[in-house]
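Report on the structure given below.
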Amino acid sequence: MKTATGTTVIERGQLVDGTGASAVPDSAVLIRDGRIAYAGPAACAPQAPPDAVRIDARGGTIMPGLVEAHFHPTYFDVAELVDLDIKYPVEFVTLLAAANARLALECGYTAARSGGSLFNIDVWLKKAIEEELTPGPRLAASGREICGAGGLMDWNPDFRKIGMEGLVLLINGADEGRRAVRKLVKDGVEWVKTYPTGDAAAPDTNDHHTLCMTFEEMHAVVAEAHNHRLKVTGHCRATEGIKNALRAGYDTLEHGTFMDAEALDMLLARDTPVIPALQFEYASIERGPEFGMSQAVIDGHQETLEGGAESARMILRAGGRVGLGGDYGFAWNPHGDYAKEISFFVNYVGFTPLLAIRAATKTGAEIMGRAAEFGTLAAGKLADVLVVDGDPLADIRVLEDRSRFIAVMQGGVIKAGRRAGADTEAGARERAVGASDGPNGSPAADLRAAAGR
Ligand SMILES: [Zn+2]
């Protein structure tokens with residue numbers, strides 16, 4: 001991905017640098033050749049040359065670009081499990097994924113870690129974004145997910161003769177776990193996403209207290225993945241699944257729903273980040289009935305929501321790391337709603353806005369293994385910056401409304417927001433391809449409408 005050339009000054013805003021430190025009023029951020037040269041009080045800022053591009057933050061906020069830590073670029077209007085698999089052909093899903101990536105960037109997300117993708121699409125989407133063929137967050141790719149046979153992600157009965165080959169690699173035993181990871185190594189993923197446990201979505205045979213992989217399978221996956229310098233994460237709800245993942249050496253936990261004191265101790269000892277993804281549970285309870293969700297599933301989501309929120313509070317109180325992201329792409333939790341996760345952690349879970357923003361920026365970059373490059377606003381880092389006309393510390397929900405974004409920048413290039421198109425080549429390109437309208441408009445929704453659904 002290219003970085004900007006020349007100097008840009010962002011001024012007349014408060015600085016929220018992503019570290020969790022208090023906001024700095026009347027601050028300035030100076031960007032030189034795509035990297036931050038200064039971030040701090042305007043009074044101490046170095047002189048900018050007369051030809052510097054100036055961005056007026058209008059009394060708003062200058063903060064790091066957001067990091068979506070559990071991004072499913074290929075999910076699209078999923079209303080039931082089968083929609084994850086065979087609803088559309090791979091060609092169309094690829095286009096949807098590109099549209100979702102562009103939407104995420106417009107929503108202020110300058111980086112994202114995939115939580116799993118159909119058909120290895122995220123590996124190639126990442127390449128297309130890096131080569132600027134299509135706009136989107138800096139991606140970490142996961143490709144297909146791994147699950148034990150008969151587990152959460154293996155729902156098609158054998159008589160249908162559908163083997164889930166686009167979505168998951170189904171394994172029986174440690175050897176097949178190694179084989180699956182070796183395939184993913186060749187596919188070019190950076191993360192291996194697994195299913196140690198079930199979920200409220202499958203109340204009959206794979207609910208949220210069910211294990212879907214053995215410890216031996218998980219351990220084999222981790223050993224093989226780490227040998228090839230890949231990281232491993234997993235869908236961990238049941239307490240024993242969380243402990244298995246920590247013992248096996250997982251690099252992060254998705255959900256970490258039902259933590260007990262022993263699991264928390266193990267988590268803290270390893271400093272393993274957890275990505276709870278709780279707005280999804282809330283949205284499932286609130287809007288599930290509209291989509292015909294059964295009461296058993298809704299009850300499961302309620303239990304998961306309460307367990308997950310309590311675990312997140314335990315981790316926060318104990319000084320552990322929480323990343324924010326969350327399964328957007330379901331019919332009741334669509335792409336474009338990403339920042340609702342941040343609001344949820346403030347308004348429901350009880351994080352302060354500063355800590356929720358840190359989770360959505362600095363911790364996200366740490367999870368991606370790229371904290372030295374972005375995630376906070378500090379001299380030397382890439383200028384991945386979000387300039388907001390508003391104060392998210394007073395009302396966190398301003399981050400949900402992209403009409404309030406003055407600039408979304410990657411490497412100092414303005415990619416979205418009101419200033420896109422004002423004075424940059426990238427902005428002109430953005431205008432030419434037609435940024436979608438309003439806070440909730442979605443190019444993927446237009447694509448889906450064209451496909452008749
Ligand atoms: Zn997910």
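Naming works like this for the structure tokens: A, B, ... for the chains as they're shown, residue 1 at the start of each chain, ligands 1 onward in shown order.
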**OP:** Can you list, as a PyMOL selection string, all residues belonging to segment 79-284 of chain A that DSSP tags as helix (DSSP H, G or I)?
**Re:** chain A and resi 81-84+90-106+118-130+158-160+174-187+215-227+239-248+261-270+279-284
**OP:** Could you tell me, counting only C-alpha atoms and all ligand atoms, which protein and nucleic acid residues lie no more than 9 Å from ligand 1, written as a count of residues only?
**Re:** 13
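Among the candidate residues A:Asp122, A:Glu217, A:Glu91, A:Asp391, the one lying nearest to Trp191 of chain A is A:Asp122, with distances computed using only C-alpha atoms.
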Subject >> Option closest in space to Gly329 of chain A, from A:Val67, A:Leu15, A:Leu103, A:Leu268 [counting only C-alpha atoms] >> reply: A:Leu103
So that I can see what lies close to Val168 of chain A, please list as a short mmCIF file (atom, residue, chain, number, x, y, z; two decimals) with C-alpha atoms, in the first residue's frame the residues with an atom at most 12 Å from it, counting only C-alpha atoms and leaving out residues fewer than 5 positions away in the same chain.
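Output file part10.cif follows:
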data_model
loop_
_atom_site.label_atom_id
_atom_site.label_comp_id
_atom_site.auth_asym_id
_atom_site.auth_seq_id
_atom_site.Cartn_x
_atom_site.Cartn_y
_atom_site.Cartn_z
CA LEU A 84 -22.41 -19.24 5.46
CA ASP A 85 -21.65 -21.98 3.00
CA GLY A 116 -12.24 -16.78 8.66
CA SER A 117 -13.17 -16.56 5.01
CA LEU A 118 -14.79 -18.66 2.31
CA PHE A 119 -12.46 -20.13 -0.34
CA ASN A 120 -9.30 -18.34 0.72
CA SER A 142 -7.25 -16.62 7.80
CA GLY A 143 -8.79 -18.44 4.85
CA ARG A 144 -10.76 -21.58 5.65
CA GLU A 145 -11.46 -22.51 9.26
CA ILE A 146 -10.73 -25.82 10.99
CA CYS A 147 -13.37 -27.78 12.90
CA GLY A 148 -13.73 -31.33 14.17
CA ALA A 149 -16.03 -33.55 12.08
CA GLY A 150 -19.56 -33.45 13.48
CA GLY A 151 -18.76 -30.14 15.19
CA LEU A 152 -20.38 -26.72 14.91
CA MET A 153 -19.34 -26.08 11.31
CA ASP A 154 -20.21 -29.57 9.97
CA TRP A 155 -23.97 -29.32 9.61
CA ILE A 162 -21.94 -31.34 0.37
CA GLY A 163 -18.62 -31.33 2.15
CA GLY A 177 -5.24 -31.28 12.09
CA ALA A 180 -5.27 -29.00 7.45
CA VAL A 181 -2.68 -26.53 8.73
CA LYS A 183 -2.86 -26.83 3.40
CA LEU A 184 -3.43 -23.40 4.96
CA VAL A 192 -5.43 -20.40 11.57
CA LYS A 193 -9.01 -20.12 12.80
CA THR A 194 -10.39 -23.15 14.63
CA TYR A 195 -13.57 -24.25 16.39
#
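Residue nearest Leu253 of chain A within the list A:Thr7, A:Thr197, A:Gln279, A:Ser284: A:Thr197 [criterion: smallest interatomic distance, only C-alpha atoms].
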**OP:** Give me, please, the distance in Å between atom CA of Arg32 of chain A and atom CA of Gly108 of chain A, quoted to one decimal.
**Re:**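 It comes out at 21.0 Å.
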**OP:** Run DSSP on the backbone and grab whatever in segment 317-406 of chain A lands in strand (DSSP E); send it over as a ChimeraX atom specification.
**Re:** /A:385-388,405-406
Original post:
atom CA of His301 of chain A and atom CA of Asn100 of chain A, how far apart in Å?
Top reply: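 Going from atom CA of Asn100 of chain A over to atom CA of His301 of chain A, I get 25.2 Å.
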Original post:
Got a sec: who's within 10 Å of segment 27-31 of chain A, counting only C-alpha atoms, leaving out chain neighbours fewer than 3 positions off, as a ChimeraX atom specification?
Top reply: /A:4-16,23-24,34-48,52-57,59,61-63,377-383,385,411-412
Output file for the residues above (C-alpha atoms, as a PDB file, in the first residue's frame):
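And here is the file that came out, selection24.pdb:
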ATOM      1  CA  ALA A   4       1.579   9.810   1.038  1.00  0.00           C
ATOM      2  CA  THR A   5       4.381  12.148   0.021  1.00  0.00           C
ATOM      3  CA  GLY A   6       4.859  15.630   1.492  1.00  0.00           C
ATOM      4  CA  THR A   7       3.525  17.066   4.730  1.00  0.00           C
ATOM      5  CA  THR A   8       0.029  17.078   6.206  1.00  0.00           C
ATOM      6  CA  VAL A   9      -1.019  18.868   9.392  1.00  0.00           C
ATOM      7  CA  ILE A  10      -4.179  17.924  11.262  1.00  0.00           C
ATOM      8  CA  GLU A  11      -5.111  20.666  13.711  1.00  0.00           C
ATOM      9  CA  ARG A  12      -7.820  22.167  15.917  1.00  0.00           C
ATOM     10  CA  GLY A  13      -8.846  18.909  17.565  1.00  0.00           C
ATOM     11  CA  GLN A  14      -8.268  16.905  20.710  1.00  0.00           C
ATOM     12  CA  LEU A  15      -5.787  14.044  20.424  1.00  0.00           C
ATOM     13  CA  VAL A  16      -6.853  10.570  21.578  1.00  0.00           C
ATOM     14  CA  ALA A  23      -7.093  13.289  25.572  1.00  0.00           C
ATOM     15  CA  VAL A  24      -4.779  16.200  24.736  1.00  0.00           C
ATOM     16  CA  GLY A  34       2.960   9.020   5.276  1.00  0.00           C
ATOM     17  CA  ARG A  35       4.366   8.668   8.766  1.00  0.00           C
ATOM     18  CA  ILE A  36       3.581  10.550  11.928  1.00  0.00           C
ATOM     19  CA  ALA A  37       6.329  13.076  12.705  1.00  0.00           C
ATOM     20  CA  TYR A  38       4.596  14.663  15.690  1.00  0.00           C
ATOM     21  CA  ALA A  39       1.438  14.092  17.757  1.00  0.00           C
ATOM     22  CA  GLY A  40       0.823  16.327  20.777  1.00  0.00           C
ATOM     23  CA  PRO A  41      -0.079  19.839  21.943  1.00  0.00           C
ATOM     24  CA  ALA A  42      -0.360  22.287  19.039  1.00  0.00           C
ATOM     25  CA  ALA A  43       1.774  24.780  20.949  1.00  0.00           C
ATOM     26  CA  CYS A  44       4.797  22.442  20.770  1.00  0.00           C
ATOM     27  CA  ALA A  45       4.306  21.268  17.163  1.00  0.00           C
ATOM     28  CA  PRO A  46       7.190  21.768  14.722  1.00  0.00           C
ATOM     29  CA  GLN A  47       6.713  24.273  11.909  1.00  0.00           C
ATOM     30  CA  ALA A  48       5.090  22.818   8.808  1.00  0.00           C
ATOM     31  CA  ALA A  52       1.601  21.413   3.750  1.00  0.00           C
ATOM     32  CA  VAL A  53      -1.910  20.021   3.353  1.00  0.00           C
ATOM     33  CA  ARG A  54      -3.995  21.218   6.300  1.00  0.00           C
ATOM     34  CA  ILE A  55      -6.903  19.284   7.766  1.00  0.00           C
ATOM     35  CA  ASP A  56      -9.165  21.185  10.149  1.00  0.00           C
ATOM     36  CA  ALA A  57     -10.518  18.844  12.818  1.00  0.00           C
ATOM     37  CA  GLY A  59     -12.894  21.105  17.380  1.00  0.00           C
ATOM     38  CA  THR A  61     -11.043  14.400  17.621  1.00  0.00           C
ATOM     39  CA  ILE A  62      -7.848  13.064  16.048  1.00  0.00           C
ATOM     40  CA  MET A  63      -7.396   9.360  16.792  1.00  0.00           C
ATOM     41  CA  LEU A 377      -0.581   7.985  17.143  1.00  0.00           C
ATOM     42  CA  ALA A 378       3.111   8.302  17.887  1.00  0.00           C
ATOM     43  CA  ALA A 379       6.115   9.599  15.954  1.00  0.00           C
ATOM     44  CA  GLY A 380       7.444   7.055  13.462  1.00  0.00           C
ATOM     45  CA  LYS A 381       4.206   5.106  12.952  1.00  0.00           C
ATOM     46  CA  LEU A 382       2.212   4.943   9.757  1.00  0.00           C
ATOM     47  CA  ALA A 383      -0.317   7.767   9.603  1.00  0.00           C
ATOM     48  CA  VAL A 385      -5.634   8.259  11.308  1.00  0.00           C
ATOM     49  CA  GLY A 411      -0.271   5.984   5.440  1.00  0.00           C
ATOM     50  CA  GLY A 412      -1.188   9.669   5.296  1.00  0.00           C
TER      51      GLY A 412
END
Which neighbours of Cys107 of chain A fall inside 8 Å, counting only C-alpha atoms, when residues of the same chain fewer than 2 positions from it are skipped, and could you give them as an mmCIF file with C-alpha atoms, in the first residue's frame?
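The result, stored in result22.cif:
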data_model
loop_
_atom_site.group_PDB
_atom_site.id
_atom_site.type_symbol
_atom_site.label_atom_id
_atom_site.label_comp_id
_atom_site.auth_asym_id
_atom_site.auth_seq_id
_atom_site.Cartn_x
_atom_site.Cartn_y
_atom_site.Cartn_z
ATOM 1 C CA LEU A 103 -17.306 -0.277 3.538
ATOM 2 C CA ALA A 104 -15.111 -1.136 6.535
ATOM 3 C CA LEU A 105 -12.540 1.453 5.453
ATOM 4 C CA TYR A 109 -11.406 0.765 10.012
ATOM 5 C CA GLY A 336 -21.217 -1.305 8.368
ATOM 6 C CA TYR A 338 -18.685 -2.376 13.201
ATOM 7 C CA ALA A 339 -18.395 0.555 15.612
ATOM 8 C CA GLU A 400 -20.935 4.693 14.400
ATOM 9 C CA ASP A 401 -21.792 7.612 12.096
ATOM 10 C CA ARG A 402 -19.381 7.914 9.212
#
**OP:** Could you check how far atom CA of Ala220 of chain A sits from atom CA of Ala141 of chain A, in Å to one decimal?
**Re:** 20.6 Å
Original post:
From the set A:Arg313, A:Arg178, A:Arg270, A:Arg321, which residue has the shortest atom-to-atom contact distance to Phe345 of chain A, counting only C-alpha atoms?
Top reply: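 Result for the nearest residue to Phe345 of chain A: A:Arg313.
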**OP:** For each of A:Ala69, A:Val93, A:Ile86, A:Ile121, take the minimum atom-to-atom distance to Thr361 of chain A, counting only C-alpha atoms, then give the residue where this is smallest.
**Re:**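 Looking at the shortest contact to Thr361 of chain A, the residue is A:Ala69.
Excluding Arg179 of chain A and any residue on its chain fewer than 6 positions from it, the residues at most 10 Å away by only C-alpha atoms are Leu169, Ile171, Val185, Ala220, Val221 and Glu224 of chain A.
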